[in-house]
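> Okay, so here is data_33.cif, and as you'll see once you scroll down, it has mmCIF, C-alpha atoms.
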```
data_query
loop_
_atom_site.label_atom_id
_atom_site.label_comp_id
_atom_site.auth_asym_id
_atom_site.auth_seq_id
_atom_site.Cartn_x
_atom_site.Cartn_y
_atom_site.Cartn_z
CA MET A 1 -15.95 19.82 -9.11
CA THR A 2 -16.70 23.10 -10.80
CA GLY A 3 -14.09 25.49 -12.10
CA HIS A 4 -14.67 27.90 -9.22
CA GLU A 5 -14.24 25.18 -6.58
CA LEU A 6 -11.12 23.93 -8.35
CA ARG A 7 -9.60 27.44 -8.33
CA ARG A 8 -10.41 27.86 -4.61
CA THR A 9 -8.82 24.50 -3.81
CA ALA A 10 -5.74 25.32 -5.88
CA THR A 11 -5.46 28.71 -4.14
CA GLY A 12 -5.66 27.05 -0.72
CA VAL A 13 -3.03 24.49 -1.66
CA ALA A 14 -0.79 27.26 -2.99
CA PHE A 15 -1.00 29.13 0.32
CA VAL A 16 -0.38 26.00 2.41
CA ALA A 17 2.38 24.56 0.21
CA PRO A 18 5.31 26.71 1.49
CA ALA A 19 4.55 25.82 5.12
CA GLY A 20 4.07 22.17 4.17
CA ILE A 21 7.41 22.09 2.35
CA ILE A 22 9.16 23.64 5.35
CA VAL A 23 7.58 21.08 7.71
CA LEU A 24 8.56 18.23 5.42
CA LEU A 25 12.07 19.54 4.93
CA PHE A 26 12.97 20.39 8.51
CA SER A 27 10.88 17.88 10.46
CA PHE A 28 10.71 14.74 8.40
CA GLY A 29 13.93 15.48 6.53
CA SER A 30 15.90 15.73 9.75
CA MET A 31 14.35 12.46 10.96
CA VAL A 32 15.40 10.69 7.77
CA VAL A 33 18.95 12.09 8.00
CA SER A 34 19.19 11.10 11.68
CA PHE A 35 18.10 7.56 10.88
CA TRP A 36 20.62 7.39 8.00
CA VAL A 37 23.39 8.58 10.35
CA SER A 38 22.37 5.97 12.93
CA LEU A 39 23.00 3.21 10.40
CA HIS A 40 26.65 4.24 9.96
CA HIS A 41 29.72 4.27 12.18
CA TRP A 42 29.99 8.01 12.59
CA ASP A 43 33.19 9.50 13.97
CA ILE A 44 33.88 13.19 13.65
CA LEU A 45 37.64 12.69 13.37
CA ILE A 46 37.53 9.97 10.72
CA PRO A 47 36.28 11.01 7.26
CA THR A 48 35.02 7.53 6.31
CA ARG A 49 31.69 6.47 7.70
CA PRO A 50 31.13 2.76 7.01
CA PHE A 51 27.63 1.32 6.95
CA VAL A 52 26.98 -0.86 10.02
CA GLY A 53 23.24 -1.40 9.69
CA LEU A 54 21.43 -2.08 12.96
CA ALA A 55 24.66 -2.76 14.89
CA ASN A 56 24.42 0.60 16.66
CA TYR A 57 20.93 -0.25 17.89
CA ARG A 58 22.03 -3.73 18.97
CA GLU A 59 24.96 -2.22 20.87
CA VAL A 60 22.75 0.25 22.74
CA LEU A 61 19.94 -2.16 23.55
CA PHE A 62 21.94 -5.26 24.50
CA SER A 63 25.25 -3.98 25.90
CA GLN A 64 26.14 -3.90 29.58
CA ASP A 65 26.16 -0.11 29.54
CA THR A 66 23.11 1.05 31.49
CA LEU A 67 23.31 4.70 30.43
CA PHE A 68 20.69 4.24 27.69
CA TRP A 69 18.23 2.62 30.10
CA VAL A 70 18.79 5.34 32.72
CA ALA A 71 18.15 8.00 30.06
CA LEU A 72 15.03 6.16 28.90
CA ALA A 73 13.74 5.88 32.48
CA ASN A 74 14.40 9.58 33.14
CA THR A 75 12.67 10.57 29.91
CA SER A 76 9.68 8.36 30.70
CA TYR A 77 9.46 9.79 34.22
CA TYR A 78 9.60 13.34 32.80
CA VAL A 79 6.87 12.60 30.24
CA MET A 80 4.65 10.86 32.81
CA LEU A 81 4.84 13.94 35.06
CA MET A 82 4.84 16.61 32.35
CA VAL A 83 2.00 15.58 30.03
CA PRO A 84 -0.75 15.15 32.65
CA SER A 85 0.29 18.26 34.56
CA VAL A 86 0.29 20.44 31.43
CA ILE A 87 -3.04 19.09 30.22
CA ALA A 88 -4.71 19.42 33.64
CA SER A 89 -3.36 22.90 34.31
CA ALA A 90 -4.26 24.12 30.79
CA PHE A 91 -7.78 22.74 31.17
CA PHE A 92 -8.19 24.29 34.63
CA LEU A 93 -6.81 27.68 33.59
CA SER A 94 -8.95 27.77 30.44
CA LEU A 95 -12.05 27.11 32.55
CA VAL A 96 -11.07 29.84 34.99
CA ALA A 97 -10.36 32.28 32.17
CA GLU A 98 -13.63 31.49 30.41
CA LYS A 99 -15.76 31.82 33.55
CA ALA A 100 -13.97 34.87 34.96
CA PRO A 101 -16.38 37.80 35.14
CA VAL A 102 -13.47 40.25 35.06
CA GLY A 103 -9.82 40.08 34.12
CA LYS A 104 -9.99 38.32 30.75
CA PRO A 105 -7.25 40.59 29.32
CA PHE A 106 -5.05 39.64 32.30
CA PHE A 107 -5.54 35.93 31.55
CA LYS A 108 -4.75 36.45 27.87
CA VAL A 109 -1.48 38.18 28.77
CA ALA A 110 -0.66 35.58 31.43
CA PHE A 111 -1.21 32.73 28.95
CA PHE A 112 0.86 34.36 26.23
CA LEU A 113 3.71 35.53 28.48
CA PRO A 114 5.59 32.19 28.57
CA SER A 115 5.61 32.15 24.77
CA ILE A 116 7.45 35.44 24.46
CA THR A 117 9.74 35.18 27.48
CA PRO A 118 13.26 34.07 26.48
CA VAL A 119 14.24 30.61 27.72
CA VAL A 120 17.46 31.94 29.27
CA VAL A 121 15.56 34.46 31.38
CA VAL A 122 13.05 31.85 32.51
CA SER A 123 15.88 29.43 33.39
CA LEU A 124 17.72 32.06 35.42
CA ILE A 125 14.56 33.01 37.32
CA TRP A 126 13.76 29.37 38.14
CA MET A 127 17.37 28.69 39.17
CA TRP A 128 17.11 31.67 41.53
CA LEU A 129 13.80 30.39 42.92
CA TYR A 130 15.26 26.90 43.45
CA ARG A 131 18.48 28.03 45.15
CA PHE A 132 19.03 26.61 48.63
CA ASP A 133 18.81 30.16 50.04
CA GLY A 134 16.19 31.24 47.47
CA PRO A 135 12.62 32.41 47.97
CA LEU A 136 11.02 28.98 47.63
CA ASN A 137 13.09 27.53 50.48
CA SER A 138 12.52 30.70 52.51
CA VAL A 139 8.78 30.03 52.33
CA PHE A 140 9.33 26.37 53.23
CA SER A 141 11.51 27.36 56.18
CA ALA A 142 8.87 29.78 57.43
CA VAL A 143 6.17 27.11 57.15
CA LEU A 144 8.35 24.40 58.67
CA TYR A 145 9.65 26.57 61.55
CA PRO A 146 6.80 25.71 63.96
CA VAL A 147 7.00 22.05 62.99
CA ASN A 148 10.76 22.01 63.52
CA ALA A 149 10.33 23.73 66.90
CA VAL A 150 7.96 20.99 68.08
CA ILE A 151 10.19 18.23 66.69
CA GLY A 152 13.26 19.86 68.26
CA MET A 153 11.59 19.93 71.67
CA ALA A 154 10.75 16.25 71.27
CA GLY A 155 14.41 15.48 70.45
CA GLY A 156 13.83 14.57 66.81
CA ALA A 157 15.63 15.66 63.68
CA ALA A 158 14.34 18.85 62.08
CA PHE A 159 13.07 19.04 58.52
CA ALA A 160 15.43 20.88 56.19
CA PRO A 161 14.31 22.54 52.98
CA PRO A 162 15.40 20.59 49.89
CA ASN A 163 18.27 21.48 47.63
CA TRP A 164 15.95 21.37 44.62
CA LEU A 165 18.31 20.95 41.68
CA VAL A 166 20.94 18.85 43.47
CA ASP A 167 18.85 16.27 45.31
CA ALA A 168 17.94 13.32 43.06
CA ARG A 169 14.45 13.10 44.59
CA THR A 170 13.51 16.70 43.82
CA ALA A 171 15.49 17.53 40.66
CA MET A 172 13.08 16.00 38.13
CA PRO A 173 9.89 17.42 39.71
CA ALA A 174 11.62 20.83 39.84
CA VAL A 175 12.47 20.62 36.14
CA VAL A 176 8.91 19.50 35.31
CA ILE A 177 7.45 22.45 37.24
CA MET A 178 9.76 24.82 35.39
CA SER A 179 8.89 23.28 32.02
CA ALA A 180 5.16 23.22 32.71
CA TRP A 181 5.20 26.91 33.52
#
```
Would you mind writing the structure in this file as structure tokens?


Amino acid sequence: MTGHELRRTATGVAFVAPAGIIVLLFSFGSMVVSFWVSLHHWDILIPTRPFVGLANYREVLFSQDTLFWVALANTSYYVMLMVPSVIASAFFLSLVAEKAPVGKPFFKVAFFLPSITPVVVVSLIWMWLYRFDGPLNSVFSAVLYPVNAVIGMAGGAAFAPPNWLVDARTAMPAVVIMSAW
């Protein structure tokens, strides 16, 4: 390696080093500290924190408490819905944006908008959309009105719009849709 190439490499490393240190410190450092905490009996009210090794893991995995397994199932369900939907929608939207003869600035703004919109604002808007008397259920009611009229004449039970964030069947898909946005 020549002196010029060595200087260029050293310059590149010098520019990347602060970001690399921050990633190591806050990402991997927090993982190491979390693992260290998990190996101790940690109680906020008691100042001593004795080392218990893998006992905490054994307690979670093999106890009769099913809360861990429910949380693991919910997380797996969320990931199985979220990852494919985000990848498919990103791929589709990038194809549409690339092939669009007009409106490329609109697509750029539309893609960047979720990044700059505060999470609280997005959450409030989605909670409003998902309300039982919100706009999403108003559209469903309008679409289902003719169906319910036919079912009502036949003596059957009418379809009701879902209570999105309360019903166990629709809560997770509603959260995935909000997150994928």

> So, with only C-alpha atoms as the atoms that count, which of A:Leu61, A:Met80, A:Leu54, A:Leu165 lies closest to Gly134 of chain A?

A:Leu165

> Smallest atom-to-atom distance to Ser141 of chain A: which of A:Ile87, A:Ala160, A:Met1, A:Ile125, using all atoms listed in the file?

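Of all the options, A:Ala160 lies closest to Ser141 of chain A.
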
> Under the rule that only C-alpha atoms are counted, which of A:Pro146, A:Ile46, A:Leu136, A:Ala110 is the nearest residue to Leu93 of chain A?

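So, comparing all the options, the nearest one is A:Ala110.
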
> Considering all atoms listed in the file, can you say which of A:Leu113, A:Met31, A:Ala90, A:Ala171 comes closest to Arg131 of chain A?

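For Arg131 of chain A, the nearest of the candidates is A:Ala171.
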
> The PyMOL selection byres ((chain A and resi 130) around 10) - which residues does that actually catch in the file I just gave you? List them as a PyMOL selection string.

chain A and resi 124-129+131-137+162-166+171+174+178

> Choose the residue, out of A:Thr75, A:Ser138, A:Ser27, A:Ser38, that has the smallest atom-to-atom separation from Tyr57 of chain A; count only C-alpha atoms.

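Using only C-alpha atoms, the shortest distance to Tyr57 of chain A belongs to A:Ser38.
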
> Would you list the contacts of Asn74 of chain A as a VMD selection string, taking every protein, DNA or RNA residue within 12 Å and counting all atoms listed in the file, but skipping same-chain residues closer than 2 positions in sequence?

chain A and resid 67 to 72 76 to 82 168 to 169 171 to 173 175 to 176
